[in-house]
file my_file.csv (CSV, C-alpha atoms and all ligand atoms)
chain,number,residue,atom,x,y,z
A,283,MET,CA,-4.8,-36.3,25.7
A,284,ILE,CA,-6.4,-37.2,22.5
A,285,GLN,CA,-9.8,-36.3,23.9
A,286,LEU,CA,-8.6,-32.9,25.0
A,287,TYR,CA,-6.8,-32.3,21.7
A,288,ILE,CA,-9.8,-32.8,19.5
A,289,PRO,CA,-12.0,-30.2,21.2
A,290,LEU,CA,-9.2,-27.7,21.3
A,291,ASN,CA,-8.4,-28.3,17.7
A,292,PHE,CA,-12.1,-27.9,16.9
A,293,LEU,CA,-12.2,-24.6,18.9
A,294,GLY,CA,-9.2,-23.4,16.8
A,295,VAL,CA,-11.2,-24.0,13.6
A,296,ILE,CA,-14.2,-22.2,15.1
A,297,TYR,CA,-12.0,-19.3,16.2
A,298,ARG,CA,-10.6,-19.0,12.7
A,299,GLU,CA,-14.0,-19.1,11.2
A,300,ILE,CA,-15.2,-16.4,13.5
A,301,LYS,CA,-12.2,-14.3,12.8
A,302,GLN,CA,-12.6,-14.7,9.0
A,303,SER,CA,-16.3,-13.8,9.3
A,304,LEU,CA,-15.4,-10.7,11.3
A,305,ALA,CA,-12.8,-9.8,8.6
A,306,ASP,CA,-15.6,-10.3,5.9
A,307,LEU,CA,-18.0,-8.2,8.0
A,308,ASP,CA,-15.4,-5.5,8.3
A,309,ARG,CA,-15.0,-5.4,4.5
A,310,MET,CA,-18.8,-5.4,4.1
A,311,PHE,CA,-19.2,-2.4,6.4
A,312,LEU,CA,-16.3,-0.7,4.7
A,313,LEU,CA,-18.1,-1.2,1.3
A,314,MET,CA,-21.5,-0.2,2.8
A,315,ASP,CA,-19.9,3.0,4.2
A,316,LYS,CA,-18.6,3.8,0.7
A,317,GLU,CA,-22.0,3.0,-0.8
A,318,ARG,CA,-23.5,5.7,1.4
A,319,GLU,CA,-21.1,8.2,-0.1
A,320,VAL,CA,-22.5,7.9,-3.6
A,321,ALA,CA,-25.9,7.0,-4.8
A,322,ASP,CA,-26.9,6.4,-8.4
A,323,ARG,CA,-29.5,8.7,-10.0
A,324,PRO,CA,-32.8,7.0,-10.4
A,325,GLY,CA,-32.8,5.3,-13.8
A,326,ALA,CA,-29.0,5.9,-14.3
A,327,LEU,CA,-27.6,4.0,-17.2
A,328,ALA,CA,-24.3,2.2,-17.6
A,329,LEU,CA,-21.2,4.0,-18.7
A,330,GLN,CA,-20.8,3.5,-22.5
A,331,ILE,CA,-17.3,3.2,-23.8
A,332,SER,CA,-17.8,2.5,-27.5
A,333,ASN,CA,-14.2,3.0,-28.5
A,334,PRO,CA,-11.8,2.0,-25.7
A,335,PRO,CA,-9.6,3.3,-24.2
A,336,PRO,CA,-11.6,6.4,-23.4
A,337,GLU,CA,-10.6,10.0,-22.7
A,338,VAL,CA,-10.8,11.0,-19.0
A,339,ARG,CA,-11.4,14.6,-18.0
A,340,PHE,CA,-11.5,16.4,-14.7
A,341,GLU,CA,-13.3,19.7,-15.2
A,342,ASN,CA,-13.0,22.3,-12.4
A,343,VAL,CA,-13.3,19.7,-9.7
A,344,GLN,CA,-14.0,20.8,-6.2
A,345,PHE,CA,-14.1,18.3,-3.3
A,346,ALA,CA,-14.1,18.2,0.5
A,347,TYR,CA,-14.4,15.1,2.8
A,348,ASP,CA,-15.6,17.5,5.4
A,349,PRO,CA,-17.4,20.7,4.2
A,350,ALA,CA,-15.3,22.8,6.6
A,351,ARG,CA,-12.1,21.7,4.9
A,352,PRO,CA,-11.9,21.9,1.1
A,353,ILE,CA,-9.4,19.5,-0.3
A,354,LEU,CA,-9.4,20.0,-4.1
A,355,HIS,CA,-9.8,23.4,-5.6
A,356,ASP,CA,-10.7,23.8,-9.2
A,357,VAL,CA,-8.7,20.9,-10.6
A,358,SER,CA,-8.9,20.5,-14.4
A,359,PHE,CA,-6.9,18.1,-16.6
A,360,THR,CA,-7.4,15.7,-19.4
A,361,ILE,CA,-5.9,12.2,-19.9
A,362,PRO,CA,-6.2,11.7,-23.7
A,363,ALA,CA,-7.3,8.2,-24.7
A,364,GLY,CA,-4.6,5.6,-24.1
A,365,LYS,CA,-2.2,8.2,-22.5
A,366,THR,CA,-0.7,8.5,-19.0
A,367,VAL,CA,-1.0,11.5,-16.7
A,368,ALA,CA,1.2,11.5,-13.6
A,369,VAL,CA,0.5,13.4,-10.4
A,370,VAL,CA,3.3,14.4,-8.0
A,371,GLY,CA,3.3,16.6,-4.9
A,372,PRO,CA,3.8,16.6,-1.2
A,373,SER,CA,2.0,14.2,1.2
A,374,GLY,CA,-1.6,15.4,1.8
A,375,SER,CA,-1.7,17.5,-1.4
A,376,GLY,CA,-4.7,15.6,-2.7
A,377,LYS,CA,-3.2,13.1,-5.1
A,378,SER,CA,-4.9,9.9,-3.9
A,379,THR,CA,-8.2,11.9,-3.6
A,380,LEU,CA,-8.1,12.3,-7.4
A,381,ALA,CA,-7.9,8.5,-7.7
A,382,ARG,CA,-10.8,7.9,-5.2
A,383,LEU,CA,-13.0,10.4,-7.1
A,384,LEU,CA,-12.2,8.7,-10.5
A,385,PHE,CA,-13.2,5.3,-9.0
A,386,ARG,CA,-16.3,7.1,-7.7
A,387,PHE,CA,-15.7,6.3,-4.0
A,388,TYR,CA,-17.0,9.8,-3.5
A,389,ASP,CA,-18.8,12.3,-5.8
A,390,VAL,CA,-17.3,15.6,-6.6
A,391,GLN,CA,-19.0,18.7,-5.1
A,392,GLY,CA,-18.2,21.0,-7.9
A,393,GLY,CA,-17.3,20.6,-11.6
A,394,GLN,CA,-17.3,17.1,-13.1
A,395,ILE,CA,-15.3,14.1,-14.0
A,396,ARG,CA,-16.1,12.7,-17.5
A,397,ILE,CA,-15.2,9.3,-18.9
A,398,ALA,CA,-15.7,9.2,-22.7
A,399,GLY,CA,-17.7,12.4,-22.4
A,400,GLN,CA,-20.1,11.1,-19.7
A,401,ASP,CA,-20.3,12.7,-16.3
A,402,ILE,CA,-19.6,9.8,-13.9
A,403,ARG,CA,-22.4,11.0,-11.5
A,404,GLU,CA,-24.9,10.4,-14.3
A,405,VAL,CA,-24.1,6.7,-14.9
A,406,THR,CA,-24.1,3.7,-12.5
A,407,GLN,CA,-21.2,3.5,-10.1
A,408,THR,CA,-20.9,-0.3,-10.9
A,409,SER,CA,-20.2,0.5,-14.5
A,410,VAL,CA,-17.7,3.1,-13.6
A,411,ARG,CA,-15.9,0.7,-11.2
A,412,GLY,CA,-16.0,-2.0,-13.9
A,413,ALA,CA,-14.2,0.3,-16.3
A,414,VAL,CA,-11.5,1.4,-13.8
A,415,GLY,CA,-8.7,-0.8,-12.3
A,416,ILE,CA,-6.8,0.4,-9.3
A,417,VAL,CA,-3.4,-0.8,-8.3
A,418,PRO,CA,-3.4,0.7,-4.8
A,419,GLN,CA,-0.4,1.7,-2.6
A,420,ASP,CA,-1.1,-1.0,-0.1
A,421,THR,CA,-2.7,-4.0,-1.6
A,422,VAL,CA,-4.9,-5.9,0.8
A,423,LEU,CA,-4.7,-9.6,0.1
A,424,PHE,CA,-7.5,-12.0,1.1
A,425,ASN,CA,-6.7,-14.9,3.5
A,426,ASP,CA,-6.9,-17.3,0.6
A,427,THR,CA,-4.8,-18.8,-2.2
A,428,VAL,CA,-2.6,-16.8,-4.6
A,429,GLU,CA,-4.9,-18.1,-7.3
A,430,TYR,CA,-8.0,-16.7,-5.6
A,431,ASN,CA,-6.3,-13.4,-5.0
A,432,ILE,CA,-5.4,-12.9,-8.6
A,433,ALA,CA,-8.7,-14.3,-10.0
A,434,TYR,CA,-10.5,-11.8,-7.8
A,435,GLY,CA,-9.9,-9.4,-10.7
A,436,GLN,CA,-12.2,-11.4,-12.9
A,437,PRO,CA,-14.4,-13.9,-11.1
A,438,GLY,CA,-14.6,-17.1,-13.1
A,439,ALA,CA,-11.2,-16.7,-14.7
A,440,SER,CA,-9.6,-20.0,-15.8
A,441,HIS,CA,-6.3,-21.2,-14.3
A,442,ALA,CA,-4.6,-20.5,-17.6
A,443,GLN,CA,-5.8,-16.9,-17.5
A,444,VAL,CA,-4.5,-16.4,-13.9
A,445,VAL,CA,-1.1,-17.8,-14.9
A,446,ALA,CA,-0.9,-15.5,-18.0
A,447,ALA,CA,-1.7,-12.5,-15.8
A,448,ALA,CA,0.9,-13.5,-13.2
A,449,LYS,CA,3.5,-13.9,-15.9
A,450,ALA,CA,2.7,-10.5,-17.3
A,451,ALA,CA,3.0,-9.0,-13.8
A,452,ARG,CA,6.3,-10.9,-13.3
A,453,ILE,CA,5.1,-12.7,-10.2
A,454,HIS,CA,4.7,-16.2,-11.8
A,455,ASP,CA,8.3,-17.4,-11.2
A,456,PHE,CA,8.0,-16.5,-7.5
A,457,ILE,CA,4.6,-18.2,-7.2
A,458,HIS,CA,6.0,-21.3,-9.0
A,459,SER,CA,8.9,-21.5,-6.6
A,460,THR,CA,6.7,-21.9,-3.6
A,461,PRO,CA,5.9,-25.5,-2.6
A,462,GLN,CA,2.2,-25.2,-3.3
A,463,GLY,CA,2.4,-22.8,-6.2
A,464,TYR,CA,-0.9,-21.1,-7.0
A,465,ALA,CA,-2.6,-23.0,-4.1
A,466,THR,CA,-0.3,-21.3,-1.6
A,467,ARG,CA,-2.3,-19.4,1.0
A,468,VAL,CA,-1.3,-15.7,1.4
A,469,GLY,CA,-2.4,-12.9,3.7
A,470,GLU,CA,-2.2,-12.6,7.5
A,471,ARG,CA,-2.5,-16.3,8.1
A,472,GLY,CA,-0.5,-17.5,5.1
A,473,LEU,CA,2.7,-16.7,3.2
A,474,LYS,CA,3.8,-13.1,3.9
A,475,LEU,CA,4.6,-11.3,0.7
A,476,SER,CA,6.9,-8.2,0.5
A,477,GLY,CA,5.4,-4.9,-0.6
A,478,GLY,CA,6.7,-5.3,-4.1
A,479,GLU,CA,5.3,-8.9,-4.4
A,480,LYS,CA,1.9,-7.7,-3.1
A,481,GLN,CA,1.9,-4.9,-5.7
A,482,ARG,CA,2.7,-7.4,-8.4
A,483,VAL,CA,-0.3,-9.6,-7.3
A,484,ALA,CA,-2.4,-6.4,-7.5
A,485,ILE,CA,-1.0,-5.8,-11.0
A,486,ALA,CA,-1.9,-9.3,-12.1
A,487,ARG,CA,-5.4,-8.9,-10.6
A,488,THR,CA,-5.8,-5.7,-12.6
A,489,LEU,CA,-4.4,-7.2,-15.8
A,490,LEU,CA,-6.9,-10.0,-15.5
A,491,LYS,CA,-9.7,-7.5,-15.0
A,492,ASN,CA,-8.4,-5.7,-18.1
A,493,PRO,CA,-10.1,-2.4,-17.5
A,494,PRO,CA,-9.7,0.4,-20.1
A,495,ILE,CA,-8.7,2.9,-17.4
A,496,LEU,CA,-5.9,2.2,-14.9
A,497,ILE,CA,-5.0,4.0,-11.7
A,498,PHE,CA,-1.7,3.2,-10.3
A,499,ASP,CA,-1.0,4.5,-6.8
A,500,GLU,CA,2.7,4.0,-6.3
A,501,ALA,CA,3.8,2.6,-3.0
A,502,THR,CA,5.4,5.2,-0.7
A,503,SER,CA,7.6,2.7,0.9
A,504,ALA,CA,11.2,2.7,-0.4
A,505,LEU,CA,12.1,-0.1,-2.8
A,506,ASP,CA,15.6,-0.9,-3.8
A,507,SER,CA,16.4,0.3,-7.2
A,508,ALA,CA,16.2,-3.1,-8.9
A,509,ASN,CA,12.7,-3.7,-7.5
A,510,GLU,CA,11.7,-0.1,-8.4
A,511,ARG,CA,12.8,-0.6,-12.0
A,512,ALA,CA,11.0,-3.9,-12.1
A,513,ILE,CA,7.7,-2.4,-10.8
A,514,GLN,CA,8.1,0.5,-13.3
A,515,ASN,CA,8.5,-1.9,-16.2
A,516,GLU,CA,5.4,-3.9,-15.1
A,517,LEU,CA,3.5,-0.7,-14.7
A,518,ARG,CA,4.5,0.4,-18.2
A,519,SER,CA,3.3,-2.9,-19.7
A,520,ALA,CA,0.1,-2.8,-17.6
A,521,ALA,CA,-0.6,0.7,-18.9
A,522,GLN,CA,-0.2,-0.3,-22.5
A,523,GLY,CA,-3.3,0.7,-24.5
A,524,LYS,CA,-5.1,2.0,-21.3
A,525,THR,CA,-5.9,5.5,-20.2
A,526,SER,CA,-3.8,5.8,-17.0
A,527,LEU,CA,-3.5,8.0,-13.9
A,528,VAL,CA,-0.3,7.5,-12.0
A,529,ILE,CA,0.1,8.8,-8.5
A,530,ALA,CA,3.9,8.9,-8.2
A,531,HIS,CA,6.2,9.2,-5.2
A,532,ARG,CA,9.3,8.7,-7.1
A,533,LEU,CA,9.9,11.1,-10.0
A,534,SER,CA,11.7,8.5,-12.1
A,535,THR,CA,8.2,6.9,-12.6
A,536,VAL,CA,6.8,10.0,-14.3
A,537,VAL,CA,9.5,10.9,-16.9
A,538,ASP,CA,7.6,9.3,-19.8
A,539,ALA,CA,4.1,10.6,-18.8
A,540,HIS,CA,2.1,12.6,-21.4
A,541,GLU,CA,1.6,15.3,-18.8
A,542,ILE,CA,2.8,15.7,-15.2
A,543,LEU,CA,0.7,17.6,-12.7
A,544,VAL,CA,2.4,19.0,-9.7
A,545,MET,CA,-0.1,19.4,-6.8
A,546,ASP,CA,0.1,21.4,-3.7
A,547,SER,CA,-2.7,21.9,-1.1
A,548,GLY,CA,-5.3,20.6,-3.6
A,549,ARG,CA,-4.3,22.8,-6.5
A,550,ILE,CA,-2.3,22.1,-9.7
A,551,ILE,CA,0.6,24.5,-9.4
A,552,GLU,CA,2.6,23.3,-12.4
A,553,ARG,CA,1.9,21.1,-15.4
A,554,GLY,CA,3.8,19.9,-18.4
A,555,THR,CA,6.1,17.2,-19.7
A,556,HIS,CA,9.3,16.3,-17.8
A,557,GLU,CA,11.4,18.4,-20.1
A,558,GLU,CA,9.0,21.3,-20.0
A,559,LEU,CA,8.9,21.3,-16.2
A,560,LEU,CA,12.7,21.0,-15.9
A,561,ALA,CA,13.1,23.9,-18.3
A,562,GLU,CA,10.6,26.0,-16.2
A,563,GLY,CA,12.9,25.7,-13.2
A,564,GLY,CA,10.1,25.7,-10.7
A,565,ARG,CA,8.9,23.3,-8.0
A,566,TYR,CA,9.2,20.1,-10.2
A,567,ALA,CA,12.7,21.0,-11.2
A,568,SER,CA,13.7,21.5,-7.5
A,569,MET,CA,12.0,18.2,-6.6
A,570,TRP,CA,13.9,16.5,-9.4
A,571,ASN,CA,17.3,18.0,-8.4
A,572,LEU,CA,16.7,17.2,-4.7
A,573,GLN,CA,15.8,13.6,-5.5
A,574,ASN,CA,18.8,13.1,-7.7
A,575,ALA,CA,21.0,14.7,-5.0
A,576,VAL,CA,19.6,12.2,-2.4
A,577,GLU,CA,20.1,9.3,-4.8
A,578,ASP,CA,23.7,10.4,-5.6
A,579,ALA,CA,24.5,10.7,-1.9
A,580,GLU,CA,23.1,7.2,-1.3
A,581,SER,CA,25.0,5.6,-4.1
B,601,LIG,P1,0.1,10.9,0.2
B,601,LIG,O1,1.2,11.3,-0.7
B,601,LIG,O2,0.6,11.0,1.6
B,601,LIG,O3,-0.6,9.6,-0.1
B,601,LIG,P2,-2.0,12.6,-1.0
B,601,LIG,O4,-1.4,13.7,-1.7
B,601,LIG,O5,-2.4,11.4,-1.8
B,601,LIG,O6,-1.0,12.1,0.2
B,601,LIG,P3,-4.7,12.6,0.0
B,601,LIG,O7,-4.7,11.2,0.5
B,601,LIG,O8,-5.4,12.8,-1.3
B,601,LIG,O9,-3.2,13.1,-0.1
B,601,LIG,O10,-5.3,13.5,1.1
B,601,LIG,C1,-5.5,14.9,0.9
B,601,LIG,C2,-6.1,15.5,2.2
B,601,LIG,O11,-7.3,14.9,2.5
B,601,LIG,C3,-5.2,15.2,3.4
B,601,LIG,O12,-5.1,16.4,4.2
B,601,LIG,C4,-5.9,14.2,4.2
B,601,LIG,O13,-5.8,14.3,5.6
B,601,LIG,C5,-7.4,14.4,3.8
B,601,LIG,N1,-8.1,13.1,3.8
B,601,LIG,C6,-7.8,12.0,3.0
B,601,LIG,N2,-8.8,11.1,3.2
B,601,LIG,C7,-9.7,11.6,4.1
B,601,LIG,C8,-10.9,11.0,4.6
B,601,LIG,N3,-11.3,9.8,4.3
B,601,LIG,N4,-11.6,11.9,5.5
B,601,LIG,C9,-11.1,13.1,5.8
B,601,LIG,N5,-10.0,13.6,5.3
B,601,LIG,C10,-9.3,12.9,4.4
call {"tool": "encode", "arguments": {"input": "my_file.csv", "output": "structure tokens", "more": "lines below"}}
Ligand code: ATP
result
Amino acid sequence: MIQLYIPLNFLGVIYREIKQSLADLDRMFLLMDKEREVADRPGALALQISNPPPEVRFENVQFAYDPARPILHDVSFTIPAGKTVAVVGPSGSGKSTLARLLFRFYDVQGGQIRIAGQDIREVTQTSVRGAVGIVPQDTVLFNDTVEYNIAYGQPGASHAQVVAAAKAARIHDFIHSTPQGYATRVGERGLKLSGGEKQRVAIARTLLKNPPILIFDEATSALDSANERAIQNELRSAAQGKTSLVIAHRLSTVVDAHEILVMDSGRIIERGTHEELLAEGGRYASMWNLQNAVEDAES
């Protein structure tokens, strides 16, 4: 029995190693694929942000994943230094595409995106990605420890820095309550985290990276209202002193934004503050009334 057990156990280790390598290869191809989408100009310099946080501008941006199907049409807006602009609109209207373009996953095909006045196609993509932190809708956690997953935001971060970031993202108490604390393995083969917990790990990761620009792609999955409020508070503290773009699925998230953009079919169809848009009585106002009616019916 013992003789049989050892080789099988060994095979299990090899199997896990191969699976991990495949997962890593997957990630590598994904990255390589993205790399093919954008290439730095020869001699491109790094983005310079002399006075963070910087202003972000989308100027007449046009974009299509497939040339036969334009996605963004002449999109222009400015996020003043340190302010938050929120984007709302139906599924498929192009909200996440704005985030991908700002992170330079793809280059715009018309118009430009400027960070601190510099066209992001003219500077290195590494420097753009270094300046932008994304808290995505669906955070992918590595099959590793919680510590590794948070420290990924800033390789070489000390344990104290990881704990500080986790505290700020309000995930520390949860981590602390697990038997192995920060050494707990998460991901497919470890502790399963809820959507809200994963998003908090992503916030901690981003806080540690401490980028001057923040993109928050709100999870579409419904959260209970206590969790929703908690995430919104974390978002508010994470956005402190940063120039932020928030892709919102719940209108309660956007009430405080400097400007709200309402998108439909790749165009900005309304823009203004929450109060201005309500007073306008257009699409945003009907979305707001509808959401409140649904919440009232549920409560
Ligand atoms: P949601 O609220 O559902 O997240 P969204 O407003 O963020 O939607 P986007 O993800 O920006 O919408 O997508 C805009 C359009 O671009 C959609 O029609 C989508 O099908 C298309 N699209 C998104 N990603 C790709 C891609 N990688 N290749 C081709 N088309 C894409």
call {"tool": "atom_distance", "arguments": {"input": "my_file.csv", "atom1": "CA of Thr406 in chain A", "atom2": "CA of Asp348 in chain A"}}
result
24.1 Å
call {"tool": "residues_near_ligand", "arguments": {"input": "my_file.csv", "ligand": "ligand LIG 601 (chain B)", "cutoff": "12 Å", "atoms": "all atoms listed in the file", "output": "PyMOL selection string"}}
result
chain A and resi 312+315-316+319+345-355+369-383+387-388+418-420+498-503+528-532+543-550
call {"tool": "write_last_selection", "arguments": {"input": "my_file.csv", "atoms": "C-alpha atoms", "output": "CSV table (one decimal), in the coordinates of the input"}}
result
chain,number,residue,atom,x,y,z
A,312,LEU,CA,-16.3,-0.7,4.7
A,315,ASP,CA,-19.9,3.0,4.2
A,316,LYS,CA,-18.6,3.8,0.7
A,319,GLU,CA,-21.1,8.2,-0.1
A,345,PHE,CA,-14.1,18.3,-3.3
A,346,ALA,CA,-14.1,18.2,0.5
A,347,TYR,CA,-14.4,15.1,2.8
A,348,ASP,CA,-15.6,17.5,5.4
A,349,PRO,CA,-17.4,20.7,4.2
A,350,ALA,CA,-15.3,22.8,6.6
A,351,ARG,CA,-12.1,21.7,4.9
A,352,PRO,CA,-11.9,21.9,1.1
A,353,ILE,CA,-9.4,19.5,-0.3
A,354,LEU,CA,-9.4,20.0,-4.1
A,355,HIS,CA,-9.8,23.4,-5.6
A,369,VAL,CA,0.5,13.4,-10.4
A,370,VAL,CA,3.3,14.4,-8.0
A,371,GLY,CA,3.3,16.6,-4.9
A,372,PRO,CA,3.8,16.6,-1.2
A,373,SER,CA,2.0,14.2,1.2
A,374,GLY,CA,-1.6,15.4,1.8
A,375,SER,CA,-1.7,17.5,-1.4
A,376,GLY,CA,-4.7,15.6,-2.7
A,377,LYS,CA,-3.2,13.1,-5.1
A,378,SER,CA,-4.9,9.9,-3.9
A,379,THR,CA,-8.2,11.9,-3.6
A,380,LEU,CA,-8.1,12.3,-7.4
A,381,ALA,CA,-7.9,8.5,-7.7
A,382,ARG,CA,-10.8,7.9,-5.2
A,383,LEU,CA,-13.0,10.4,-7.1
A,387,PHE,CA,-15.7,6.3,-4.0
A,388,TYR,CA,-17.0,9.8,-3.5
A,418,PRO,CA,-3.4,0.7,-4.8
A,419,GLN,CA,-0.4,1.7,-2.6
A,420,ASP,CA,-1.1,-1.0,-0.1
A,498,PHE,CA,-1.7,3.2,-10.3
A,499,ASP,CA,-1.0,4.5,-6.8
A,500,GLU,CA,2.7,4.0,-6.3
A,501,ALA,CA,3.8,2.6,-3.0
A,502,THR,CA,5.4,5.2,-0.7
A,503,SER,CA,7.6,2.7,0.9
A,528,VAL,CA,-0.3,7.5,-12.0
A,529,ILE,CA,0.1,8.8,-8.5
A,530,ALA,CA,3.9,8.9,-8.2
A,531,HIS,CA,6.2,9.2,-5.2
A,532,ARG,CA,9.3,8.7,-7.1
A,543,LEU,CA,0.7,17.6,-12.7
A,544,VAL,CA,2.4,19.0,-9.7
A,545,MET,CA,-0.1,19.4,-6.8
A,546,ASP,CA,0.1,21.4,-3.7
A,547,SER,CA,-2.7,21.9,-1.1
A,548,GLY,CA,-5.3,20.6,-3.6
A,549,ARG,CA,-4.3,22.8,-6.5
A,550,ILE,CA,-2.3,22.1,-9.7
call {"tool": "residues_around", "arguments": {"input": "my_file.csv", "residues": "Ala326 in chain A", "least_positions_apart": "6", "cutoff": "12 Å", "atoms": "only C-alpha atoms", "output": "list in words"}}
result
Gln400, Asp401, Ile402, Arg403, Glu404, Val405, Thr406, Gln407, Thr408, Ser409 and Val410 of chain A
call {"tool": "closest_residue", "arguments": {"input": "my_file.csv", "among": "A:Arg518, A:Gly435, A:Phe456, A:Val536", "to": "Leu489 in chain A", "atoms": "only C-alpha atoms"}}
result
A:Gly435
call {"tool": "residues_around", "arguments": {"input": "my_file.csv", "residues": "range 338-340 of chain A", "least_positions_apart": "4", "cutoff": "6 Å", "atoms": "all atoms listed in the file", "output": "list in words"}}
result
Ser358, Phe359, Thr360, Ile361, Ile395, Arg396 and Ile397 of chain A
call {"tool": "closest_residue", "arguments": {"input": "my_file.csv", "among": "A:Pro324, A:Thr421, A:Ser519, A:Asn492", "to": "Gly477 in chain A", "atoms": "only C-alpha atoms"}}
result
A:Thr421
call {"tool": "closest_residue", "arguments": {"input": "my_file.csv", "among": "A:Leu473, A:Ile542, A:Val468, A:Ala484", "to": "Asn425 in chain A", "atoms": "all atoms listed in the file"}}
result
A:Val468
call {"tool": "closest_residue", "arguments": {"input": "my_file.csv", "among": "A:Pro362, A:Gly469, A:Gly412, A:Gly564", "to": "Gln330 in chain A", "atoms": "only C-alpha atoms"}}
result
A:Gly412
call {"tool": "residues_near_point", "arguments": {"input": "my_file.csv", "point": "(-6.4, -6.9, -13.3)", "cutoff": "10 Å", "atoms": "all atoms listed in the file", "output": "VMD selection string"}}
result
chain A and resid 414 to 417 432 to 436 444 447 to 448 451 483 to 493 496 520
call {"tool": "closest_residue", "arguments": {"input": "my_file.csv", "among": "A:Ala368, A:Ile551, A:Val320, A:Val343", "to": "Asp538 in chain A", "atoms": "only C-alpha atoms"}}
result
A:Ala368
call {"tool": "closest_residue", "arguments": {"input": "my_file.csv", "among": "A:Ala328, A:Ala521, A:Ala465, A:Val367", "to": "His556 in chain A", "atoms": "all atoms listed in the file"}}
result
A:Val367
call {"tool": "atom_distance", "arguments": {"input": "my_file.csv", "atom1": "CA of Gln514 in chain A", "atom2": "CA of Glu562 in chain A"}}
result
25.8 Å
call {"tool": "closest_atom_pairs", "arguments": {"input": "my_file.csv", "of": "range 515-561 of chain A", "to": "range 571-580 of chain A", "cutoff": "10 Å", "atoms": "all atoms listed in the file", "output": "Markdown table"}}
result
| residue | atom | partner | partner_atom | distance |
| --- | --- | --- | --- | --- |
| A:Arg532 | CA | A:Gln573 | CA | 8.3 |
| A:Leu533 | CA | A:Gln573 | CA | 7.8 |
| A:Ser534 | CA | A:Gln573 | CA | 9.3 |
| A:Leu560 | CA | A:Asn571 | CA | 9.3 |
call {"tool": "build_atoms", "arguments": {"input": "my_file.csv", "residues": "range 372-387 of chain A", "atoms": "N, CA and C atoms", "output": "mmCIF file, keeping the file's coordinate frame"}}
result
data_model
loop_
_atom_site.group_PDB
_atom_site.id
_atom_site.type_symbol
_atom_site.label_atom_id
_atom_site.label_comp_id
_atom_site.auth_asym_id
_atom_site.auth_seq_id
_atom_site.Cartn_x
_atom_site.Cartn_y
_atom_site.Cartn_z
ATOM 1 N N PRO A 372 3.566 17.024 -2.551
ATOM 2 C CA PRO A 372 3.800 16.600 -1.200
ATOM 3 C C PRO A 372 2.686 15.755 -0.608
ATOM 4 N N SER A 373 2.990 15.034 0.455
ATOM 5 C CA SER A 373 2.000 14.200 1.200
ATOM 6 C C SER A 373 0.840 15.117 1.598
ATOM 7 N N GLY A 374 -0.376 14.639 1.348
ATOM 8 C CA GLY A 374 -1.600 15.400 1.800
ATOM 9 C C GLY A 374 -2.002 16.430 0.755
ATOM 10 N N SER A 375 -1.344 16.494 -0.418
ATOM 11 C CA SER A 375 -1.700 17.500 -1.400
ATOM 12 C C SER A 375 -2.970 17.170 -2.179
ATOM 13 N N GLY A 376 -3.453 15.918 -2.050
ATOM 14 C CA GLY A 376 -4.700 15.600 -2.700
ATOM 15 C C GLY A 376 -4.574 14.562 -3.838
ATOM 16 N N LYS A 377 -3.407 13.967 -3.991
ATOM 17 C CA LYS A 377 -3.200 13.100 -5.100
ATOM 18 C C LYS A 377 -4.074 11.834 -5.087
ATOM 19 N N SER A 378 -4.097 11.153 -3.950
ATOM 20 C CA SER A 378 -4.900 9.900 -3.900
ATOM 21 C C SER A 378 -6.406 10.268 -3.946
ATOM 22 N N THR A 379 -6.751 11.471 -3.521
ATOM 23 C CA THR A 379 -8.200 11.900 -3.600
ATOM 24 C C THR A 379 -8.632 11.885 -5.058
ATOM 25 N N LEU A 380 -7.745 12.304 -5.968
ATOM 26 C CA LEU A 380 -8.100 12.300 -7.400
ATOM 27 C C LEU A 380 -8.468 10.860 -7.815
ATOM 28 N N ALA A 381 -7.651 9.886 -7.335
ATOM 29 C CA ALA A 381 -7.900 8.500 -7.700
ATOM 30 C C ALA A 381 -9.220 8.011 -7.119
ATOM 31 N N ARG A 382 -9.496 8.376 -5.858
ATOM 32 C CA ARG A 382 -10.800 7.900 -5.200
ATOM 33 C C ARG A 382 -11.955 8.503 -5.959
ATOM 34 N N LEU A 383 -11.825 9.740 -6.438
ATOM 35 C CA LEU A 383 -13.000 10.400 -7.100
ATOM 36 C C LEU A 383 -13.178 9.693 -8.495
ATOM 37 N N LEU A 384 -12.078 9.353 -9.182
ATOM 38 C CA LEU A 384 -12.200 8.700 -10.500
ATOM 39 C C LEU A 384 -12.839 7.321 -10.350
ATOM 40 N N PHE A 385 -12.572 6.661 -9.227
ATOM 41 C CA PHE A 385 -13.200 5.300 -9.000
ATOM 42 C C PHE A 385 -14.586 5.482 -8.433
ATOM 43 N N ARG A 386 -15.001 6.676 -8.217
ATOM 44 C CA ARG A 386 -16.300 7.100 -7.700
ATOM 45 C C ARG A 386 -16.552 6.484 -6.268
ATOM 46 N N PHE A 387 -15.527 6.551 -5.433
ATOM 47 C CA PHE A 387 -15.700 6.300 -4.000
ATOM 48 C C PHE A 387 -16.529 7.411 -3.407
#
